[in-house]
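Shown next: query_16.pdb, given as PDB, N, CA and C atoms, pLDDT in the B column.
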```
ATOM      1  N   MET M 112      40.984 -92.857 227.560  1.00 79.00           N
ATOM      2  CA  MET M 112      41.580 -93.940 226.818  1.00 79.00           C
ATOM      3  C   MET M 112      41.870 -93.427 225.404  1.00 79.00           C
ATOM      4  N   ILE M 113      43.014 -93.842 224.889  1.00 83.00           N
ATOM      5  CA  ILE M 113      43.394 -93.404 223.545  1.00 83.00           C
ATOM      6  C   ILE M 113      44.022 -94.569 222.788  1.00 83.00           C
ATOM      7  N   GLY M 114      43.711 -94.661 221.506  1.00 81.00           N
ATOM      8  CA  GLY M 114      44.249 -95.725 220.662  1.00 81.00           C
ATOM      9  C   GLY M 114      45.398 -95.220 219.815  1.00 81.00           C
ATOM     10  N   CYS M 115      45.900 -96.095 218.988  1.00 83.00           N
ATOM     11  CA  CYS M 115      47.035 -95.760 218.143  1.00 83.00           C
ATOM     12  C   CYS M 115      46.742 -96.198 216.714  1.00 83.00           C
ATOM     13  N   GLY M 116      46.922 -95.311 215.750  1.00 83.00           N
ATOM     14  CA  GLY M 116      46.739 -95.662 214.355  1.00 83.00           C
ATOM     15  C   GLY M 116      45.507 -95.058 213.711  1.00 83.00           C
ATOM     16  N   ASN M 117      44.604 -94.488 214.498  1.00 83.00           N
ATOM     17  CA  ASN M 117      43.380 -93.867 213.994  1.00 83.00           C
ATOM     18  C   ASN M 117      42.637 -94.774 213.008  1.00 83.00           C
ATOM     19  N   MET M 118      42.338 -95.985 213.463  1.00 79.00           N
ATOM     20  CA  MET M 118      41.598 -96.942 212.640  1.00 79.00           C
ATOM     21  C   MET M 118      40.231 -96.368 212.262  1.00 79.00           C
ATOM     22  N   ARG M 119      39.770 -96.678 211.086  1.00 76.00           N
ATOM     23  CA  ARG M 119      38.526 -96.102 210.577  1.00 76.00           C
ATOM     24  C   ARG M 119      37.318 -96.414 211.452  1.00 76.00           C
ATOM     25  N   TYR M 120      37.328 -97.563 212.115  1.00 76.00           N
ATOM     26  CA  TYR M 120      36.186 -97.961 212.927  1.00 76.00           C
ATOM     27  C   TYR M 120      36.153 -97.263 214.286  1.00 76.00           C
ATOM     28  N   ALA M 121      37.219 -96.572 214.692  1.00 73.00           N
ATOM     29  CA  ALA M 121      37.325 -95.988 216.030  1.00 73.00           C
ATOM     30  C   ALA M 121      36.180 -95.016 216.326  1.00 73.00           C
ATOM     31  N   LYS M 122      35.710 -94.295 215.324  1.00 73.00           N
ATOM     32  CA  LYS M 122      34.647 -93.324 215.569  1.00 73.00           C
ATOM     33  C   LYS M 122      33.280 -93.978 215.709  1.00 73.00           C
ATOM     34  N   TYR M 123      33.179 -95.283 215.399  1.00 78.00           N
ATOM     35  CA  TYR M 123      31.894 -95.968 215.464  1.00 78.00           C
ATOM     36  C   TYR M 123      31.724 -96.828 216.717  1.00 78.00           C
ATOM     37  N   LEU M 124      32.729 -96.875 217.581  1.00 76.00           N
ATOM     38  CA  LEU M 124      32.628 -97.661 218.804  1.00 76.00           C
ATOM     39  C   LEU M 124      31.592 -97.055 219.743  1.00 76.00           C
ATOM     40  N   ARG M 125      31.154 -97.829 220.731  1.00 79.00           N
ATOM     41  CA  ARG M 125      30.141 -97.339 221.684  1.00 79.00           C
ATOM     42  C   ARG M 125      30.580 -96.004 222.285  1.00 79.00           C
ATOM     43  N   VAL M 126      31.821 -95.925 222.701  1.00 79.00           N
ATOM     44  CA  VAL M 126      32.442 -94.654 223.080  1.00 79.00           C
ATOM     45  C   VAL M 126      33.528 -94.413 222.034  1.00 79.00           C
ATOM     46  N   PRO M 127      33.298 -93.448 221.125  1.00 82.00           N
ATOM     47  CA  PRO M 127      34.287 -93.205 220.070  1.00 82.00           C
ATOM     48  C   PRO M 127      35.692 -92.993 220.651  1.00 82.00           C
ATOM     49  N   LEU M 128      36.644 -93.749 220.140  1.00 83.00           N
ATOM     50  CA  LEU M 128      37.988 -93.821 220.689  1.00 83.00           C
ATOM     51  C   LEU M 128      38.898 -92.740 220.107  1.00 83.00           C
ATOM     52  N   SER M 129      39.446 -91.909 221.006  1.00 87.00           N
ATOM     53  CA  SER M 129      40.474 -90.956 220.580  1.00 87.00           C
ATOM     54  C   SER M 129      41.682 -91.751 220.107  1.00 87.00           C
ATOM     55  N   SER M 130      42.473 -91.155 219.223  1.00 88.00           N
ATOM     56  CA  SER M 130      43.558 -91.932 218.631  1.00 88.00           C
ATOM     57  C   SER M 130      44.699 -91.029 218.181  1.00 88.00           C
ATOM     58  N   VAL M 131      45.875 -91.626 218.088  1.00 93.00           N
ATOM     59  CA  VAL M 131      47.030 -90.962 217.494  1.00 93.00           C
ATOM     60  C   VAL M 131      47.054 -91.365 216.020  1.00 93.00           C
ATOM     61  N   ASP M 132      47.041 -90.380 215.144  1.00 92.00           N
ATOM     62  CA  ASP M 132      47.045 -90.635 213.701  1.00 92.00           C
ATOM     63  C   ASP M 132      48.472 -90.508 213.188  1.00 92.00           C
ATOM     64  N   HIS M 133      48.984 -91.596 212.623  1.00 91.00           N
ATOM     65  CA  HIS M 133      50.351 -91.610 212.100  1.00 91.00           C
ATOM     66  C   HIS M 133      50.400 -91.260 210.613  1.00 91.00           C
ATOM     67  N   HIS M 134      49.261 -90.920 210.039  1.00 91.00           N
ATOM     68  CA  HIS M 134      49.179 -90.514 208.633  1.00 91.00           C
ATOM     69  C   HIS M 134      49.800 -91.572 207.721  1.00 91.00           C
ATOM     70  N   THR M 135      49.253 -92.788 207.792  1.00 90.00           N
ATOM     71  CA  THR M 135      49.834 -93.924 207.083  1.00 90.00           C
ATOM     72  C   THR M 135      49.836 -93.753 205.570  1.00 90.00           C
ATOM     73  N   GLU M 136      48.852 -93.053 205.021  1.00 91.00           N
ATOM     74  CA  GLU M 136      48.860 -92.831 203.568  1.00 91.00           C
ATOM     75  C   GLU M 136      50.047 -91.969 203.157  1.00 91.00           C
ATOM     76  N   GLU M 137      50.332 -90.940 203.937  1.00 92.00           N
ATOM     77  CA  GLU M 137      51.483 -90.073 203.663  1.00 92.00           C
ATOM     78  C   GLU M 137      52.785 -90.865 203.818  1.00 92.00           C
ATOM     79  N   LEU M 138      52.868 -91.688 204.852  1.00 91.00           N
ATOM     80  CA  LEU M 138      54.061 -92.511 205.051  1.00 91.00           C
ATOM     81  C   LEU M 138      54.283 -93.452 203.871  1.00 91.00           C
ATOM     82  N   GLY M 139      53.209 -94.066 203.379  1.00 93.00           N
ATOM     83  CA  GLY M 139      53.314 -94.969 202.234  1.00 93.00           C
ATOM     84  C   GLY M 139      53.753 -94.251 200.977  1.00 93.00           C
ATOM     85  N   ARG M 140      53.201 -93.057 200.765  1.00 94.00           N
ATOM     86  CA  ARG M 140      53.580 -92.264 199.585  1.00 94.00           C
ATOM     87  C   ARG M 140      55.060 -91.895 199.648  1.00 94.00           C
ATOM     88  N   ARG M 141      55.510 -91.451 200.822  1.00 93.00           N
ATOM     89  CA  ARG M 141      56.911 -91.064 200.976  1.00 93.00           C
ATOM     90  C   ARG M 141      57.835 -92.272 200.805  1.00 93.00           C
ATOM     91  N   ALA M 142      57.425 -93.431 201.326  1.00 91.00           N
ATOM     92  CA  ALA M 142      58.231 -94.648 201.184  1.00 91.00           C
ATOM     93  C   ALA M 142      58.347 -95.045 199.715  1.00 91.00           C
ATOM     94  N   ALA M 143      57.255 -94.923 198.974  1.00 94.00           N
ATOM     95  CA  ALA M 143      57.297 -95.248 197.546  1.00 94.00           C
ATOM     96  C   ALA M 143      58.231 -94.296 196.801  1.00 94.00           C
ATOM     97  N   GLU M 144      58.171 -93.009 197.136  1.00 93.00           N
ATOM     98  CA  GLU M 144      59.069 -92.042 196.503  1.00 93.00           C
ATOM     99  C   GLU M 144      60.531 -92.383 196.777  1.00 93.00           C
ATOM    100  N   LEU M 145      60.836 -92.722 198.023  1.00 92.00           N
ATOM    101  CA  LEU M 145      62.216 -93.067 198.364  1.00 92.00           C
ATOM    102  C   LEU M 145      62.665 -94.335 197.650  1.00 92.00           C
ATOM    103  N   THR M 146      61.774 -95.313 197.527  1.00 92.00           N
ATOM    104  CA  THR M 146      62.107 -96.552 196.819  1.00 92.00           C
ATOM    105  C   THR M 146      62.420 -96.265 195.357  1.00 92.00           C
ATOM    106  N   LEU M 147      61.615 -95.409 194.730  1.00 94.00           N
ATOM    107  CA  LEU M 147      61.877 -95.044 193.341  1.00 94.00           C
ATOM    108  C   LEU M 147      63.207 -94.305 193.204  1.00 94.00           C
ATOM    109  N   GLU M 148      63.488 -93.402 194.138  1.00 92.00           N
ATOM    110  CA  GLU M 148      64.766 -92.690 194.101  1.00 92.00           C
ATOM    111  C   GLU M 148      65.937 -93.669 194.217  1.00 92.00           C
ATOM    112  N   LEU M 149      65.816 -94.655 195.104  1.00 91.00           N
ATOM    113  CA  LEU M 149      66.890 -95.639 195.278  1.00 91.00           C
ATOM    114  C   LEU M 149      67.061 -96.520 194.053  1.00 91.00           C
ATOM    115  N   SER M 150      65.967 -96.790 193.339  1.00 93.00           N
ATOM    116  CA  SER M 150      66.083 -97.624 192.139  1.00 93.00           C
ATOM    117  C   SER M 150      66.832 -96.878 191.029  1.00 93.00           C
ATOM    118  N   VAL M 151      66.741 -95.550 191.024  1.00 94.00           N
ATOM    119  CA  VAL M 151      67.444 -94.739 190.028  1.00 94.00           C
ATOM    120  C   VAL M 151      68.895 -94.518 190.451  1.00 94.00           C
ATOM    121  N   ASN M 152      69.111 -94.314 191.750  1.00 93.00           N
ATOM    122  CA  ASN M 152      70.443 -94.027 192.258  1.00 93.00           C
ATOM    123  C   ASN M 152      70.706 -94.848 193.523  1.00 93.00           C
ATOM    124  N   PRO M 153      71.089 -96.129 193.378  1.00 90.00           N
ATOM    125  CA  PRO M 153      71.278 -96.994 194.544  1.00 90.00           C
ATOM    126  C   PRO M 153      72.449 -96.593 195.448  1.00 90.00           C
ATOM    127  N   GLN M 154      73.315 -95.712 195.002  1.00 92.00           N
ATOM    128  CA  GLN M 154      74.479 -95.304 195.796  1.00 92.00           C
ATOM    129  C   GLN M 154      74.200 -94.092 196.685  1.00 92.00           C
ATOM    130  N   GLN M 155      73.001 -93.536 196.611  1.00 87.00           N
ATOM    131  CA  GLN M 155      72.726 -92.336 197.401  1.00 87.00           C
ATOM    132  C   GLN M 155      72.689 -92.654 198.892  1.00 87.00           C
ATOM    133  N   ASP M 156      72.930 -91.631 199.684  1.00 88.00           N
ATOM    134  CA  ASP M 156      72.927 -91.775 201.136  1.00 88.00           C
ATOM    135  C   ASP M 156      71.509 -92.017 201.647  1.00 88.00           C
ATOM    136  N   CYS M 157      71.430 -92.626 202.813  1.00 84.00           N
ATOM    137  CA  CYS M 157      70.128 -92.850 203.462  1.00 84.00           C
ATOM    138  C   CYS M 157      69.517 -91.504 203.848  1.00 84.00           C
ATOM    139  N   LYS M 158      68.198 -91.464 203.878  1.00 84.00           N
ATOM    140  CA  LYS M 158      67.485 -90.254 204.270  1.00 84.00           C
ATOM    141  C   LYS M 158      66.602 -90.562 205.470  1.00 84.00           C
ATOM    142  N   THR M 159      66.443 -89.582 206.310  1.00 85.00           N
ATOM    143  CA  THR M 159      65.506 -89.671 207.419  1.00 85.00           C
ATOM    144  C   THR M 159      64.397 -88.669 207.155  1.00 85.00           C
ATOM    145  N   ILE M 160      63.174 -89.150 207.162  1.00 84.00           N
ATOM    146  CA  ILE M 160      62.027 -88.273 206.944  1.00 84.00           C
ATOM    147  C   ILE M 160      61.118 -88.398 208.153  1.00 84.00           C
ATOM    148  N   LEU M 161      60.794 -87.280 208.757  1.00 87.00           N
ATOM    149  CA  LEU M 161      59.909 -87.266 209.911  1.00 87.00           C
ATOM    150  C   LEU M 161      58.529 -86.777 209.495  1.00 87.00           C
ATOM    151  N   THR M 162      57.522 -87.510 209.889  1.00 87.00           N
ATOM    152  CA  THR M 162      56.150 -87.072 209.666  1.00 87.00           C
ATOM    153  C   THR M 162      55.471 -86.998 211.027  1.00 87.00           C
ATOM    154  N   PRO M 163      55.177 -85.808 211.494  1.00 92.00           N
ATOM    155  CA  PRO M 163      54.629 -85.671 212.845  1.00 92.00           C
ATOM    156  C   PRO M 163      53.226 -86.269 212.951  1.00 92.00           C
ATOM    157  N   PRO M 164      52.978 -87.023 214.020  1.00 94.00           N
ATOM    158  CA  PRO M 164      51.642 -87.571 214.238  1.00 94.00           C
ATOM    159  C   PRO M 164      50.709 -86.484 214.751  1.00 94.00           C
ATOM    160  N   SER M 165      49.425 -86.775 214.764  1.00 94.00           N
ATOM    161  CA  SER M 165      48.459 -85.850 215.343  1.00 94.00           C
ATOM    162  C   SER M 165      47.463 -86.640 216.186  1.00 94.00           C
ATOM    163  N   VAL M 166      46.851 -85.960 217.136  1.00 93.00           N
ATOM    164  CA  VAL M 166      45.857 -86.592 217.989  1.00 93.00           C
ATOM    165  C   VAL M 166      44.473 -86.283 217.450  1.00 93.00           C
ATOM    166  N   VAL M 167      43.659 -87.319 217.310  1.00 90.00           N
ATOM    167  CA  VAL M 167      42.263 -87.158 216.907  1.00 90.00           C
ATOM    168  C   VAL M 167      41.431 -87.372 218.173  1.00 90.00           C
ATOM    169  N   ALA M 168      40.936 -86.277 218.743  1.00 90.00           N
ATOM    170  CA  ALA M 168      40.194 -86.346 219.999  1.00 90.00           C
ATOM    171  C   ALA M 168      38.740 -86.736 219.729  1.00 90.00           C
ATOM    172  N   ARG M 169      38.312 -87.782 220.450  1.00 88.00           N
ATOM    173  CA  ARG M 169      36.922 -88.227 220.382  1.00 88.00           C
ATOM    174  C   ARG M 169      36.401 -88.395 221.798  1.00 88.00           C
ATOM    175  N   ALA M 170      35.239 -88.970 221.958  1.00 88.00           N
ATOM    176  CA  ALA M 170      34.548 -89.032 223.241  1.00 88.00           C
ATOM    177  C   ALA M 170      35.315 -89.763 224.348  1.00 88.00           C
ATOM    178  N   SER M 171      36.252 -90.644 224.011  1.00 85.00           N
ATOM    179  CA  SER M 171      36.967 -91.362 225.050  1.00 85.00           C
ATOM    180  C   SER M 171      37.895 -90.458 225.865  1.00 85.00           C
ATOM    181  N   THR M 172      38.189 -89.247 225.362  1.00 87.00           N
ATOM    182  CA  THR M 172      39.016 -88.309 226.111  1.00 87.00           C
ATOM    183  C   THR M 172      38.389 -86.925 226.243  1.00 87.00           C
ATOM    184  N   VAL M 173      37.513 -86.545 225.349  1.00 76.00           N
ATOM    185  CA  VAL M 173      36.916 -85.208 225.385  1.00 76.00           C
ATOM    186  C   VAL M 173      35.844 -85.157 226.469  1.00 76.00           C
ATOM    187  N   GLY M 174      35.941 -84.154 227.310  1.00 66.00           N
ATOM    188  CA  GLY M 174      34.922 -83.948 228.331  1.00 66.00           C
ATOM    189  C   GLY M 174      34.974 -84.937 229.479  1.00 66.00           C
ATOM    190  N   ALA M 175      36.067 -85.667 229.597  1.00 52.00           N
ATOM    191  CA  ALA M 175      36.173 -86.658 230.681  1.00 52.00           C
ATOM    192  C   ALA M 175      36.535 -86.004 231.988  1.00 52.00           C
TER     193      ALA M 175
END
```
Rewrite the structure from the file as structure tokens, please.
Amino acid sequence: MIGCGNMRYAKYLRVPLSSVDHHTEELGRRAAELTLELSVNPQQDCKTILTPPSVVARASTVGA
């Protein structure tokens, strides 16, 4: 079993839940940077930024 979002409590469950980490702090930082850029130059083209997720393996998948 695997979760999504790598919630802080996932490692404290009876069986620690493996999870996909979307790096939400990095996403928020990048979104803030883009918002500031748009406030300075509202005519700029849209940007696509990819932030690769990672898997945090815990007991719900390790050794199963």
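Considering only N, CA and C atoms, the residue among M:Leu138, M:Val131, M:Leu124, M:Cys115 positioned nearest to Ala168 in chain M is M:Val131.
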Q. How many Å separate CA of Asn152 in chain M from CA of Glu137 in chain M?
A. 22.5 Å
Q) Which value, in Å to one decimal, gives the distance between CA of Val173 in chain M and CA of Met112 in chain M? A)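 These atoms are spaced 10.0 Å apart.
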Q | Target residues per the PyMOL selection byres (((chain M and resi 163 and name CA) around 12) and name CA), formatted as number ranges by chain | A | M: 131-135, 137-138, 160-162, 164-166
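Put simply, CA of Lys122 in chain M is 18.6 Å away from CA of Glu136 in chain M.
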(Q) Which residues are near Gly114 in chain M? Cut-off 6 Å, only N, CA and C atoms, ignore same chain within fewer than 2 positions. Put them as a PyMOL selection string. (A) chain M and resi 112+116-117+128-131
Q: Run DSSP on the backbone and give me the residues of chain M it puts in strand (DSSP E or B), as a VMD selection string.
A: chain M and resid 113 to 115 129 to 132 165 to 167
Q. Among chain M, which residues carry a DSSP assignment of helix (DSSP H, G or I), reported as a ChimeraX atom specification?
A. /M:119-123,135-151
What would the file look like if the residues just selected were written as a PDB file, in the coordinates of the input with N, CA and C atoms?
```
ATOM      1  N   ARG M 119      39.770 -96.678 211.086  1.00 76.00           N
ATOM      2  CA  ARG M 119      38.526 -96.102 210.577  1.00 76.00           C
ATOM      3  C   ARG M 119      37.318 -96.414 211.452  1.00 76.00           C
ATOM      4  N   TYR M 120      37.328 -97.563 212.115  1.00 76.00           N
ATOM      5  CA  TYR M 120      36.186 -97.961 212.927  1.00 76.00           C
ATOM      6  C   TYR M 120      36.153 -97.263 214.286  1.00 76.00           C
ATOM      7  N   ALA M 121      37.219 -96.572 214.692  1.00 73.00           N
ATOM      8  CA  ALA M 121      37.325 -95.988 216.030  1.00 73.00           C
ATOM      9  C   ALA M 121      36.180 -95.016 216.326  1.00 73.00           C
ATOM     10  N   LYS M 122      35.710 -94.295 215.324  1.00 73.00           N
ATOM     11  CA  LYS M 122      34.647 -93.324 215.569  1.00 73.00           C
ATOM     12  C   LYS M 122      33.280 -93.978 215.709  1.00 73.00           C
ATOM     13  N   TYR M 123      33.179 -95.283 215.399  1.00 78.00           N
ATOM     14  CA  TYR M 123      31.894 -95.968 215.464  1.00 78.00           C
ATOM     15  C   TYR M 123      31.724 -96.828 216.717  1.00 78.00           C
ATOM     16  N   THR M 135      49.253 -92.788 207.792  1.00 90.00           N
ATOM     17  CA  THR M 135      49.834 -93.924 207.083  1.00 90.00           C
ATOM     18  C   THR M 135      49.836 -93.753 205.570  1.00 90.00           C
ATOM     19  N   GLU M 136      48.852 -93.053 205.021  1.00 91.00           N
ATOM     20  CA  GLU M 136      48.860 -92.831 203.568  1.00 91.00           C
ATOM     21  C   GLU M 136      50.047 -91.969 203.157  1.00 91.00           C
ATOM     22  N   GLU M 137      50.332 -90.940 203.937  1.00 92.00           N
ATOM     23  CA  GLU M 137      51.483 -90.073 203.663  1.00 92.00           C
ATOM     24  C   GLU M 137      52.785 -90.865 203.818  1.00 92.00           C
ATOM     25  N   LEU M 138      52.868 -91.688 204.852  1.00 91.00           N
ATOM     26  CA  LEU M 138      54.061 -92.511 205.051  1.00 91.00           C
ATOM     27  C   LEU M 138      54.283 -93.452 203.871  1.00 91.00           C
ATOM     28  N   GLY M 139      53.209 -94.066 203.379  1.00 93.00           N
ATOM     29  CA  GLY M 139      53.314 -94.969 202.234  1.00 93.00           C
ATOM     30  C   GLY M 139      53.753 -94.251 200.977  1.00 93.00           C
ATOM     31  N   ARG M 140      53.201 -93.057 200.765  1.00 94.00           N
ATOM     32  CA  ARG M 140      53.580 -92.264 199.585  1.00 94.00           C
ATOM     33  C   ARG M 140      55.060 -91.895 199.648  1.00 94.00           C
ATOM     34  N   ARG M 141      55.510 -91.451 200.822  1.00 93.00           N
ATOM     35  CA  ARG M 141      56.911 -91.064 200.976  1.00 93.00           C
ATOM     36  C   ARG M 141      57.835 -92.272 200.805  1.00 93.00           C
ATOM     37  N   ALA M 142      57.425 -93.431 201.326  1.00 91.00           N
ATOM     38  CA  ALA M 142      58.231 -94.648 201.184  1.00 91.00           C
ATOM     39  C   ALA M 142      58.347 -95.045 199.715  1.00 91.00           C
ATOM     40  N   ALA M 143      57.255 -94.923 198.974  1.00 94.00           N
ATOM     41  CA  ALA M 143      57.297 -95.248 197.546  1.00 94.00           C
ATOM     42  C   ALA M 143      58.231 -94.296 196.801  1.00 94.00           C
ATOM     43  N   GLU M 144      58.171 -93.009 197.136  1.00 93.00           N
ATOM     44  CA  GLU M 144      59.069 -92.042 196.503  1.00 93.00           C
ATOM     45  C   GLU M 144      60.531 -92.383 196.777  1.00 93.00           C
ATOM     46  N   LEU M 145      60.836 -92.722 198.023  1.00 92.00           N
ATOM     47  CA  LEU M 145      62.216 -93.067 198.364  1.00 92.00           C
ATOM     48  C   LEU M 145      62.665 -94.335 197.650  1.00 92.00           C
ATOM     49  N   THR M 146      61.774 -95.313 197.527  1.00 92.00           N
ATOM     50  CA  THR M 146      62.107 -96.552 196.819  1.00 92.00           C
ATOM     51  C   THR M 146      62.420 -96.265 195.357  1.00 92.00           C
ATOM     52  N   LEU M 147      61.615 -95.409 194.730  1.00 94.00           N
ATOM     53  CA  LEU M 147      61.877 -95.044 193.341  1.00 94.00           C
ATOM     54  C   LEU M 147      63.207 -94.305 193.204  1.00 94.00           C
ATOM     55  N   GLU M 148      63.488 -93.402 194.138  1.00 92.00           N
ATOM     56  CA  GLU M 148      64.766 -92.690 194.101  1.00 92.00           C
ATOM     57  C   GLU M 148      65.937 -93.669 194.217  1.00 92.00           C
ATOM     58  N   LEU M 149      65.816 -94.655 195.104  1.00 91.00           N
ATOM     59  CA  LEU M 149      66.890 -95.639 195.278  1.00 91.00           C
ATOM     60  C   LEU M 149      67.061 -96.520 194.053  1.00 91.00           C
ATOM     61  N   SER M 150      65.967 -96.790 193.339  1.00 93.00           N
ATOM     62  CA  SER M 150      66.083 -97.624 192.139  1.00 93.00           C
ATOM     63  C   SER M 150      66.832 -96.878 191.029  1.00 93.00           C
ATOM     64  N   VAL M 151      66.741 -95.550 191.024  1.00 94.00           N
ATOM     65  CA  VAL M 151      67.444 -94.739 190.028  1.00 94.00           C
ATOM     66  C   VAL M 151      68.895 -94.518 190.451  1.00 94.00           C
TER      67      VAL M 151
END
```
